[in-house]
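A.B. asks: Pasting a structure here, questions to come.
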Amino acid sequence: MSELSISNNKERKKKLVWDRNVEYDIFLPRLLKTLPRLKGKGKCYCSIAILQLTNGLRAMESIMAFKRFLETGDRKFEVKVLKQKHEKYRPVRIPDQIDNNIRTECYDLKDEDLLKLRDRYRMWLYKTFKVNSHSLRYAFVTKMAELGMSPMIIARITGHSELRYLITYTHKKLGEKALDLLNI
């Protein structure tokens, strides 16, 4: 295999990285800056993205949480953790930027089919920001690790049942950041 084809394979793999290297501290201000400019479903989808990023939720969990906010106005509650064998719940907090005006504007979303809404949200996020929705979850995980939060606490917040995956991911990300800081 030539050096050029090895390089092309590495570049292709880099482009296919599932987490797209979304940085919490860069992406949250970007979402917050975009939110007031949007109308209709775009505003709703952006709110779901903010909710997903600030809580480390899976896409469907963030949609379920957003629907609960639309229906009840509650800002602190728990949602069912998806992809778990046993029924577990995890904490959710609705950020202040998702206000009652958004609740009013997005209220009709509460009646939409969850799977269709998830698919439209994922598509909007990718078309608008070129980001996979799961990247927001892992940007949250990375941010919590950077803040020195223990993997067990991160797992409790995010609903991870396998600590080894969480530890492997956060250690990899933190190691890469340390090397970047050292310019190695």
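Residues are named by chain letter and number: chains run A, B, ... in the order of the structure tokens, numbers start at 1 in each chain, and ligands are numbered from 1 in the order shown.
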Within 6 Å of range 129-144 of chain A, counting only C-alpha atoms, which residues show up once you throw out same-chain ones fewer than 2 positions away? Write them as a ChimeraX atom specification, please.
C.D. replies: /A:19,22-24,53,56-57,122,125-127,146-147,149,170
A.B. asks: Could you write out the selected residues, including C-alpha atoms, as a compact mmCIF listing (two decimals), in the first residue's frame?
C.D. replies:
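New file selection36.txt:
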# COMPACT_ATOMS: atom_id res chain seq x y z
CA ASP A 19 -18.37 12.31 17.72
CA VAL A 22 -17.83 18.80 19.22
CA GLU A 23 -16.48 21.05 21.97
CA TYR A 24 -19.03 21.91 24.66
CA LEU A 53 -25.89 19.12 25.10
CA GLY A 56 -25.78 14.66 28.14
CA LEU A 57 -28.99 13.06 26.93
CA ARG A 122 -31.27 14.50 13.79
CA LEU A 125 -28.94 19.08 13.41
CA TYR A 126 -26.81 17.49 10.70
CA LYS A 127 -27.98 19.85 7.93
CA GLU A 146 -12.54 18.13 32.15
CA LEU A 147 -14.22 19.66 35.22
CA MET A 149 -16.17 14.98 37.84
CA THR A 170 -13.01 10.26 28.56
A.B. asks: Which residue, A:Leu179, A:Arg156, A:Trp124, A:Leu28, has the smallest gap to Glu78 in chain A when you use only C-alpha atoms?
C.D. replies: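 Of A:Leu179, A:Arg156, A:Trp124, A:Leu28, the one nearest Glu78 in chain A, counting only C-alpha atoms, is A:Arg156.
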A.B. asks: Which one of A:Gly159, A:Pro95, A:Pro151, A:Gly40 sits closest to Val81 in chain A if you count only C-alpha atoms?
C.D. replies: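 Closest to Val81 in chain A of all the choices is A:Gly159.
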A.B. asks: For the atom pair CA of Val92 in chain A and CA of Val79 in chain A, what is the interatomic distance in Å to one decimal place?
C.D. replies: 6.9 Å
A.B. asks: Given the choices A:Lys80, A:Glu61, A:Arg90, A:Leu109, which gets closest to Ile157 in chain A if the distance is worked out from only C-alpha atoms?
C.D. replies: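 Of A:Lys80, A:Glu61, A:Arg90, A:Leu109, the one nearest Ile157 in chain A is A:Arg90, counting only C-alpha atoms.
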A.B. asks: So, counting only C-alpha atoms, which residue among A:Thr34, A:Ser150, A:Thr158, A:Asn100 is closest to Ser62 in chain A?
C.D. replies: A:Thr158
A.B. asks: Calculated over only C-alpha atoms, which of the candidates A:Asp108, A:Glu87, A:Asp25, A:Asp113 has the smallest distance to Met64 in chain A?
C.D. replies: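 Under the stated criterion, the closest residue is A:Asp113.
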A.B. asks: Which residues in range 90-173 of chain A does DSSP call helix (DSSP H, G or I)? List them as number ranges by chain.
C.D. replies: A: 100-105, 107-111, 114-129, 133-146, 151-158, 163-173
A.B. asks: Check the DSSP output for the backbone and give back, as a PDB file with C-alpha atoms, in the first residue's frame, the residues of range 36-155 of chain A in strand (DSSP E).
C.D. replies:
ATOM      1  CA  LYS A  76     -36.394  19.781  36.944  1.00  0.00           C
ATOM      2  CA  PHE A  77     -37.437  16.162  36.591  1.00  0.00           C
ATOM      3  CA  GLU A  78     -36.227  12.713  35.598  1.00  0.00           C
ATOM      4  CA  VAL A  79     -36.590  10.856  32.313  1.00  0.00           C
ATOM      5  CA  LYS A  80     -36.384   7.156  31.661  1.00  0.00           C
ATOM      6  CA  TYR A  89     -34.306   7.282  35.479  1.00  0.00           C
ATOM      7  CA  ARG A  90     -31.863  10.135  35.174  1.00  0.00           C
ATOM      8  CA  PRO A  91     -32.008  13.811  36.121  1.00  0.00           C
ATOM      9  CA  VAL A  92     -32.836  16.529  33.581  1.00  0.00           C
ATOM     10  CA  ARG A  93     -32.626  20.272  33.962  1.00  0.00           C
TER      11      ARG A  93
END
A.B. asks: Near Cys106 in chain A, counting only C-alpha atoms, which residues have an atom at most 10 Å away, once you skip same-chain residues fewer than 4 positions from it, shown as JSON, numbers by chain?
C.D. replies: {"A": [39, 40, 41, 42, 43, 44, 45, 47, 66, 67, 70, 100, 101, 102, 110]}
A.B. asks: With distances taken over only C-alpha atoms, which of A:Leu182, A:Ile98, A:Ile48, A:Met152 is nearest to Pro36 in chain A?
C.D. replies: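 Of A:Leu182, A:Ile98, A:Ile48, A:Met152, the one nearest Pro36 in chain A, counting only C-alpha atoms, is A:Ile98.
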A.B. asks: CA of Asp74 in chain A to CA of Lys88 in chain A: how many Å, to one decimal?
C.D. replies: 19.6 Å
